[in-house]
$ cat target_22.pdb   # PDB, C-alpha atoms
MODEL        1
ATOM      1  CA  MET G   1      39.689 145.658 100.610  1.00  0.00           C
ATOM      2  CA  SER G   2      36.979 146.173  98.085  1.00  0.00           C
ATOM      3  CA  VAL G   3      35.423 143.574  95.778  1.00  0.00           C
ATOM      4  CA  GLN G   4      35.021 144.634  92.255  1.00  0.00           C
ATOM      5  CA  ARG G   5      32.928 143.086  89.648  1.00  0.00           C
ATOM      6  CA  ARG G   6      34.613 141.776  86.562  1.00  0.00           C
ATOM      7  CA  ASN G   7      33.558 143.146  83.283  1.00  0.00           C
ATOM      8  CA  ASN G   8      32.626 139.791  81.747  1.00  0.00           C
ATOM      9  CA  ALA G   9      30.501 138.644  84.716  1.00  0.00           C
ATOM     10  CA  LYS G  10      26.851 139.424  84.349  1.00  0.00           C
ATOM     11  CA  ALA G  11      24.346 139.838  87.092  1.00  0.00           C
ATOM     12  CA  ARG G  12      21.606 137.278  87.373  1.00  0.00           C
ATOM     13  CA  PRO G  13      18.261 138.466  86.176  1.00  0.00           C
ATOM     14  CA  SER G  14      15.676 138.641  88.889  1.00  0.00           C
ATOM     15  CA  SER G  15      13.229 136.351  87.027  1.00  0.00           C
ATOM     16  CA  CYS G  16      15.506 133.297  87.396  1.00  0.00           C
ATOM     17  CA  ARG G  17      15.030 133.292  91.119  1.00  0.00           C
ATOM     18  CA  HIS G  18      11.332 132.439  90.776  1.00  0.00           C
ATOM     19  CA  ALA G  19      11.652 129.618  88.167  1.00  0.00           C
ATOM     20  CA  ALA G  20      12.740 126.942  90.595  1.00  0.00           C
ATOM     21  CA  GLY G  21       9.907 124.370  89.945  1.00  0.00           C
ATOM     22  CA  MET G  22       6.453 123.747  88.489  1.00  0.00           C
ATOM     23  CA  SER G  23       3.396 125.433  89.797  1.00  0.00           C
ATOM     24  CA  LEU G  24       0.362 123.587  91.085  1.00  0.00           C
ATOM     25  CA  VAL G  25      -1.679 124.702  88.069  1.00  0.00           C
ATOM     26  CA  GLU G  26       0.828 123.132  85.682  1.00  0.00           C
ATOM     27  CA  VAL G  27       0.689 119.842  87.609  1.00  0.00           C
ATOM     28  CA  LEU G  28      -3.121 119.819  87.564  1.00  0.00           C
ATOM     29  CA  VAL G  29      -3.205 120.448  83.803  1.00  0.00           C
ATOM     30  CA  ALA G  30      -0.699 117.637  83.220  1.00  0.00           C
ATOM     31  CA  VAL G  31      -2.785 115.219  85.342  1.00  0.00           C
ATOM     32  CA  LEU G  32      -5.948 116.242  83.441  1.00  0.00           C
ATOM     33  CA  VAL G  33      -4.337 115.622  80.052  1.00  0.00           C
ATOM     34  CA  LEU G  34      -2.975 112.273  81.231  1.00  0.00           C
ATOM     35  CA  GLY G  35      -6.379 111.270  82.620  1.00  0.00           C
ATOM     36  CA  ILE G  36      -8.124 112.064  79.330  1.00  0.00           C
ATOM     37  CA  GLY G  37      -5.546 109.968  77.487  1.00  0.00           C
ATOM     38  CA  VAL G  38      -6.026 106.986  79.794  1.00  0.00           C
ATOM     39  CA  LEU G  39      -9.828 107.200  79.469  1.00  0.00           C
ATOM     40  CA  GLY G  40      -9.496 107.294  75.673  1.00  0.00           C
ATOM     41  CA  ALA G  41      -7.318 104.189  75.711  1.00  0.00           C
ATOM     42  CA  ALA G  42      -9.813 102.380  77.953  1.00  0.00           C
ATOM     43  CA  ALA G  43     -12.707 103.289  75.640  1.00  0.00           C
ATOM     44  CA  THR G  44     -10.762 101.983  72.641  1.00  0.00           C
ATOM     45  CA  GLN G  45     -10.092  98.724  74.469  1.00  0.00           C
ATOM     46  CA  SER G  46     -13.782  98.358  75.309  1.00  0.00           C
ATOM     47  CA  VAL G  47     -14.823  98.809  71.668  1.00  0.00           C
ATOM     48  CA  ALA G  48     -12.225  96.243  70.554  1.00  0.00           C
ATOM     49  CA  LEU G  49     -13.517  93.673  73.068  1.00  0.00           C
ATOM     50  CA  LYS G  50     -17.107  94.142  71.881  1.00  0.00           C
ATOM     51  CA  ALA G  51     -16.108  93.679  68.255  1.00  0.00           C
ATOM     52  CA  ASN G  52     -14.134  90.585  69.190  1.00  0.00           C
ATOM     53  CA  GLN G  53     -17.150  88.986  70.885  1.00  0.00           C
ATOM     54  CA  VAL G  54     -19.362  89.567  67.837  1.00  0.00           C
ATOM     55  CA  SER G  55     -16.671  88.160  65.558  1.00  0.00           C
ATOM     56  CA  THR G  56     -16.298  85.092  67.772  1.00  0.00           C
ATOM     57  CA  MET G  57     -20.008  84.308  67.518  1.00  0.00           C
ATOM     58  CA  ARG G  58     -19.951  84.593  63.726  1.00  0.00           C
ATOM     59  CA  SER G  59     -16.899  82.363  63.513  1.00  0.00           C
ATOM     60  CA  GLN G  60     -18.569  79.823  65.773  1.00  0.00           C
ATOM     61  CA  ALA G  61     -21.636  79.741  63.505  1.00  0.00           C
ATOM     62  CA  ILE G  62     -19.385  78.947  60.538  1.00  0.00           C
ATOM     63  CA  ILE G  63     -17.516  76.255  62.476  1.00  0.00           C
ATOM     64  CA  GLU G  64     -20.774  74.573  63.525  1.00  0.00           C
ATOM     65  CA  SER G  65     -22.107  74.662  59.944  1.00  0.00           C
ATOM     66  CA  TYR G  66     -19.014  73.011  58.546  1.00  0.00           C
ATOM     67  CA  GLY G  67     -19.111  70.533  61.403  1.00  0.00           C
ATOM     68  CA  MET G  68     -22.581  69.407  60.324  1.00  0.00           C
ATOM     69  CA  LEU G  69     -21.440  69.066  56.713  1.00  0.00           C
ATOM     70  CA  ASP G  70     -18.501  66.976  57.876  1.00  0.00           C
ATOM     71  CA  ALA G  71     -20.815  64.766  59.940  1.00  0.00           C
ATOM     72  CA  ILE G  72     -22.949  64.117  56.845  1.00  0.00           C
ATOM     73  CA  ARG G  73     -19.882  63.304  54.775  1.00  0.00           C
ATOM     74  CA  ALA G  74     -18.533  60.983  57.463  1.00  0.00           C
ATOM     75  CA  ALA G  75     -21.845  59.110  57.697  1.00  0.00           C
ATOM     76  CA  MET G  76     -22.248  58.722  53.938  1.00  0.00           C
ATOM     77  CA  PRO G  77     -21.747  55.089  52.916  1.00  0.00           C
ATOM     78  CA  LEU G  78     -19.678  54.161  49.895  1.00  0.00           C
ATOM     79  CA  GLU G  79     -22.795  53.192  47.929  1.00  0.00           C
ATOM     80  CA  ALA G  80     -24.121  56.751  48.324  1.00  0.00           C
ATOM     81  CA  VAL G  81     -20.875  58.125  46.920  1.00  0.00           C
ATOM     82  CA  LEU G  82     -21.008  55.849  43.876  1.00  0.00           C
ATOM     83  CA  SER G  83     -24.724  55.736  43.131  1.00  0.00           C
ATOM     84  CA  PRO G  84     -27.024  58.773  42.723  1.00  0.00           C
ATOM     85  CA  ALA G  85     -30.005  56.677  43.797  1.00  0.00           C
ATOM     86  CA  ALA G  86     -28.278  55.582  47.006  1.00  0.00           C
ATOM     87  CA  ARG G  87     -27.157  59.179  47.666  1.00  0.00           C
ATOM     88  CA  SER G  88     -30.751  60.354  47.233  1.00  0.00           C
ATOM     89  CA  THR G  89     -31.967  57.795  49.765  1.00  0.00           C
ATOM     90  CA  PHE G  90     -29.188  58.695  52.205  1.00  0.00           C
ATOM     91  CA  LEU G  91     -29.732  62.466  51.990  1.00  0.00           C
ATOM     92  CA  ALA G  92     -33.487  62.091  52.481  1.00  0.00           C
ATOM     93  CA  ASP G  93     -32.744  61.455  56.171  1.00  0.00           C
ATOM     94  CA  TYR G  94     -30.839  64.749  56.529  1.00  0.00           C
ATOM     95  CA  GLN G  95     -33.770  67.145  56.412  1.00  0.00           C
ATOM     96  CA  LEU G  96     -34.391  69.451  59.340  1.00  0.00           C
ATOM     97  CA  GLN G  97     -36.955  72.221  59.489  1.00  0.00           C
ATOM     98  CA  ARG G  98     -35.938  75.339  61.434  1.00  0.00           C
ATOM     99  CA  THR G  99     -35.693  74.334  65.072  1.00  0.00           C
ATOM    100  CA  CYS G 100     -34.209  75.782  68.222  1.00  0.00           C
ATOM    101  CA  ASP G 101     -34.885  72.798  70.469  1.00  0.00           C
ATOM    102  CA  ALA G 102     -32.728  69.689  70.133  1.00  0.00           C
ATOM    103  CA  ASP G 103     -35.462  67.580  71.737  1.00  0.00           C
ATOM    104  CA  GLN G 104     -37.721  68.350  68.759  1.00  0.00           C
ATOM    105  CA  VAL G 105     -35.271  66.793  66.298  1.00  0.00           C
ATOM    106  CA  GLY G 106     -36.333  63.356  64.982  1.00  0.00           C
ATOM    107  CA  LYS G 107     -37.365  60.929  67.688  1.00  0.00           C
ATOM    108  CA  GLY G 108     -35.744  57.930  66.001  1.00  0.00           C
ATOM    109  CA  ALA G 109     -32.324  56.673  66.966  1.00  0.00           C
ATOM    110  CA  THR G 110     -30.922  56.895  63.447  1.00  0.00           C
ATOM    111  CA  LEU G 111     -27.478  58.276  62.795  1.00  0.00           C
ATOM    112  CA  ALA G 112     -28.981  61.235  60.903  1.00  0.00           C
ATOM    113  CA  ASN G 113     -31.289  62.134  63.817  1.00  0.00           C
ATOM    114  CA  ASN G 114     -28.453  61.824  66.320  1.00  0.00           C
ATOM    115  CA  ASP G 115     -26.175  64.023  64.163  1.00  0.00           C
ATOM    116  CA  MET G 116     -28.834  66.718  63.791  1.00  0.00           C
ATOM    117  CA  ARG G 117     -29.797  66.592  67.490  1.00  0.00           C
ATOM    118  CA  GLU G 118     -26.167  66.983  68.577  1.00  0.00           C
ATOM    119  CA  TRP G 119     -25.708  69.786  66.053  1.00  0.00           C
ATOM    120  CA  VAL G 120     -28.647  71.785  67.440  1.00  0.00           C
ATOM    121  CA  LYS G 121     -27.333  71.235  70.982  1.00  0.00           C
ATOM    122  CA  ALA G 122     -23.908  72.495  69.916  1.00  0.00           C
ATOM    123  CA  LEU G 123     -25.484  75.572  68.307  1.00  0.00           C
ATOM    124  CA  ARG G 124     -27.281  76.461  71.515  1.00  0.00           C
ATOM    125  CA  ASP G 125     -24.196  75.776  73.633  1.00  0.00           C
ATOM    126  CA  ASP G 126     -21.899  77.887  71.472  1.00  0.00           C
ATOM    127  CA  LEU G 127     -24.212  80.646  70.227  1.00  0.00           C
ATOM    128  CA  GLY G 128     -26.664  80.992  73.090  1.00  0.00           C
ATOM    129  CA  GLU G 129     -30.265  80.083  73.783  1.00  0.00           C
ATOM    130  CA  GLY G 130     -31.550  81.975  70.737  1.00  0.00           C
ATOM    131  CA  ALA G 131     -29.634  79.808  68.256  1.00  0.00           C
ATOM    132  CA  CYS G 132     -31.622  77.813  65.702  1.00  0.00           C
ATOM    133  CA  GLY G 133     -30.695  75.699  62.739  1.00  0.00           C
ATOM    134  CA  SER G 134     -32.139  74.144  59.624  1.00  0.00           C
ATOM    135  CA  LEU G 135     -30.814  71.661  57.114  1.00  0.00           C
ATOM    136  CA  ALA G 136     -32.118  71.026  53.628  1.00  0.00           C
ATOM    137  CA  CYS G 137     -30.429  68.524  51.351  1.00  0.00           C
ATOM    138  CA  GLU G 138     -31.550  68.312  47.747  1.00  0.00           C
ATOM    139  CA  THR G 139     -31.719  64.586  47.137  1.00  0.00           C
ATOM    140  CA  LYS G 140     -31.297  64.754  43.353  1.00  0.00           C
ATOM    141  CA  THR G 141     -28.303  67.095  43.154  1.00  0.00           C
ATOM    142  CA  GLY G 142     -26.703  66.278  46.498  1.00  0.00           C
ATOM    143  CA  GLU G 143     -26.552  69.960  47.491  1.00  0.00           C
ATOM    144  CA  CYS G 144     -27.131  70.699  51.171  1.00  0.00           C
ATOM    145  CA  ALA G 145     -27.978  74.115  52.572  1.00  0.00           C
ATOM    146  CA  ILE G 146     -27.307  74.682  56.251  1.00  0.00           C
ATOM    147  CA  THR G 147     -28.799  77.743  57.899  1.00  0.00           C
ATOM    148  CA  VAL G 148     -27.824  78.972  61.350  1.00  0.00           C
ATOM    149  CA  GLU G 149     -29.669  81.762  63.129  1.00  0.00           C
ATOM    150  CA  TRP G 150     -28.510  83.396  66.320  1.00  0.00           C
ATOM    151  CA  ASP G 151     -29.057  86.493  68.418  1.00  0.00           C
ATOM    152  CA  GLU G 152     -26.134  88.627  69.504  1.00  0.00           C
ATOM    153  CA  SER G 153     -28.213  91.597  70.645  1.00  0.00           C
ATOM    154  CA  ARG G 154     -27.174  90.961  74.262  1.00  0.00           C
ATOM    155  CA  LEU G 155     -23.673  91.987  73.231  1.00  0.00           C
ATOM    156  CA  PRO G 156     -22.984  95.711  72.990  1.00  0.00           C
ATOM    157  CA  GLY G 157     -23.048  96.591  69.313  1.00  0.00           C
ATOM    158  CA  GLY G 158     -24.524  93.193  68.413  1.00  0.00           C
ATOM    159  CA  GLN G 159     -27.548  92.609  66.221  1.00  0.00           C
ATOM    160  CA  SER G 160     -30.533  90.359  66.514  1.00  0.00           C
ATOM    161  CA  GLY G 161     -31.653  88.033  63.765  1.00  0.00           C
ATOM    162  CA  ASN G 162     -28.261  87.076  62.348  1.00  0.00           C
ATOM    163  CA  THR G 163     -28.439  84.375  59.687  1.00  0.00           C
ATOM    164  CA  LEU G 164     -25.701  82.365  58.012  1.00  0.00           C
ATOM    165  CA  THR G 165     -26.388  79.962  55.140  1.00  0.00           C
ATOM    166  CA  ILE G 166     -23.733  77.650  53.774  1.00  0.00           C
ATOM    167  CA  LYS G 167     -24.306  75.453  50.740  1.00  0.00           C
ATOM    168  CA  SER G 168     -22.195  72.501  49.752  1.00  0.00           C
ATOM    169  CA  ARG G 169     -22.491  69.699  47.233  1.00  0.00           C
ATOM    170  CA  LEU G 170     -21.947  66.277  48.776  1.00  0.00           C
TER     171      LEU G 170
ENDMDL
END

$ encode --input "target_22.pdb" --output "structure tokens"
Amino acid sequence: MSVQRRNNAKARPSSCRHAAGMSLVEVLVAVLVLGIGVLGAAATQSVALKANQVSTMRSQAIIESYGMLDAIRAAMPLEAVLSPAARSTFLADYQLQRTCDADQVGKGATLANNDMREWVKALRDDLGEGACGSLACETKTGECAITVEWDESRLPGGQSGNTLTIKSRL
């Protein structure tokens, strides 16, 4: 008995026998491409974390500045709100030359000295040892300017000598 081939059946090409899986070179190229992608994602994450740290320090400087303004407003007696002369006398106590050391802030135990001393301590706690602050209140107009200086050069991508000044009329 003889086996005959049908007319519609085709013989397998010889190249199909060798295409059974991936070669080692293909696997190595795929691992290389995947590795480059993972390293790129890690680098992007690192840059985002650095930017977030710098942004956090700037936000903290703003928060501390507004905190000092709120402390002044909270301490202001009713007479100072109603009378320009009383406001002038009250704001005369809230003057602080640029300082980085809370122990150098007014030696008296007045509310103004305590507020400014705690403010400088908070600056150094939140913004680092290089943080300094100054406060200048214009007694006639009731406008206070708060300046915060800090150093973020220890952070990658950070700058030294950052300054923020906020002015507000009380």

$ resolve_selection --input "target_22.pdb" --expression "the PyMOL selection byres ((chain G and resi 111) around 10)" --output "compact mmCIF listing (two decimals) with C-alpha atoms, keeping the file's coordinate frame"
# COMPACT_ATOMS: atom_id res chain seq x y z
CA ALA G 71 -20.82 64.77 59.94
CA ILE G 72 -22.95 64.12 56.84
CA ALA G 75 -21.84 59.11 57.70
CA ASP G 93 -32.74 61.46 56.17
CA TYR G 94 -30.84 64.75 56.53
CA GLY G 108 -35.74 57.93 66.00
CA ALA G 109 -32.32 56.67 66.97
CA THR G 110 -30.92 56.90 63.45
CA ALA G 112 -28.98 61.24 60.90
CA ASN G 113 -31.29 62.13 63.82
CA ASN G 114 -28.45 61.82 66.32
CA ASP G 115 -26.18 64.02 64.16
CA MET G 116 -28.83 66.72 63.79
CA ARG G 117 -29.80 66.59 67.49

$ closest_residue --input "target_22.pdb" --among "G:Val120, G:Ala145, G:Val47, G:Leu127" --to "G:Ser59" --atoms "only C-alpha atoms"
G:Leu127

$ resolve_selection --input "target_22.pdb" --expression "the PyMOL selection byres ((chain G and resi 166) around 9)" --output "number ranges by chain"
G: 62, 65-66, 144-148, 164-165, 167-168

$ write_last_selection --input "target_22.pdb" --atoms "C-alpha atoms" --output "compact mmCIF listing (two decimals), in the coordinates of the input"
# COMPACT_ATOMS: atom_id res chain seq x y z
CA ILE G 62 -19.39 78.95 60.54
CA SER G 65 -22.11 74.66 59.94
CA TYR G 66 -19.01 73.01 58.55
CA CYS G 144 -27.13 70.70 51.17
CA ALA G 145 -27.98 74.11 52.57
CA ILE G 146 -27.31 74.68 56.25
CA THR G 147 -28.80 77.74 57.90
CA VAL G 148 -27.82 78.97 61.35
CA LEU G 164 -25.70 82.36 58.01
CA THR G 165 -26.39 79.96 55.14
CA LYS G 167 -24.31 75.45 50.74
CA SER G 168 -22.20 72.50 49.75

$ closest_residue --input "target_22.pdb" --among "G:Ala85, G:Val29, G:Ala131, G:Ala102" --to "G:Trp150" --atoms "only C-alpha atoms"
G:Ala131

$ atom_distance --input "target_22.pdb" --atom1 "atom CA of G:Glu129" --atom2 "atom CA of G:Cys100"
8.1 Å

$ resolve_selection --input "target_22.pdb" --expression "the PyMOL selection byres ((chain G and resi 92) around 12)" --output "PyMOL selection string"
chain G and resi 72+76+80+85-91+93-96+112-113+135-144

$ atom_distance --input "target_22.pdb" --atom1 "atom CA of G:Leu69" --atom2 "atom CA of G:Arg169"
9.6 Å

$ closest_residue --input "target_22.pdb" --among "G:Glu152, G:Leu78, G:Gly161, G:Leu28" --to "G:Gln53" --atoms "only C-alpha atoms"
G:Glu152

$ closest_residue --input "target_22.pdb" --among "G:Arg73, G:Arg98, G:Arg154, G:Arg58" --to "G:Asp126" --atoms "only C-alpha atoms"
G:Arg58

$ atom_distance --input "target_22.pdb" --atom1 "atom CA of G:Ser46" --atom2 "atom CA of G:Ser160"
20.5 Å

$ axis_aligned_box --input "target_22.pdb" --around "stretch 61-78 of chain G" --padding-each-side "8 Å" --output "lines of an AutoDock Vina configuration file"
center_x = -20.2
center_y = 67.0
center_z = 56.7
size_x = 21.4
size_y = 41.6
size_z = 29.6

$ closest_residue --input "target_22.pdb" --among "G:Ser153, G:Gly35, G:Val105, G:Thr163" --to "G:Lys50" --atoms "all atoms listed in the file"
G:Ser153
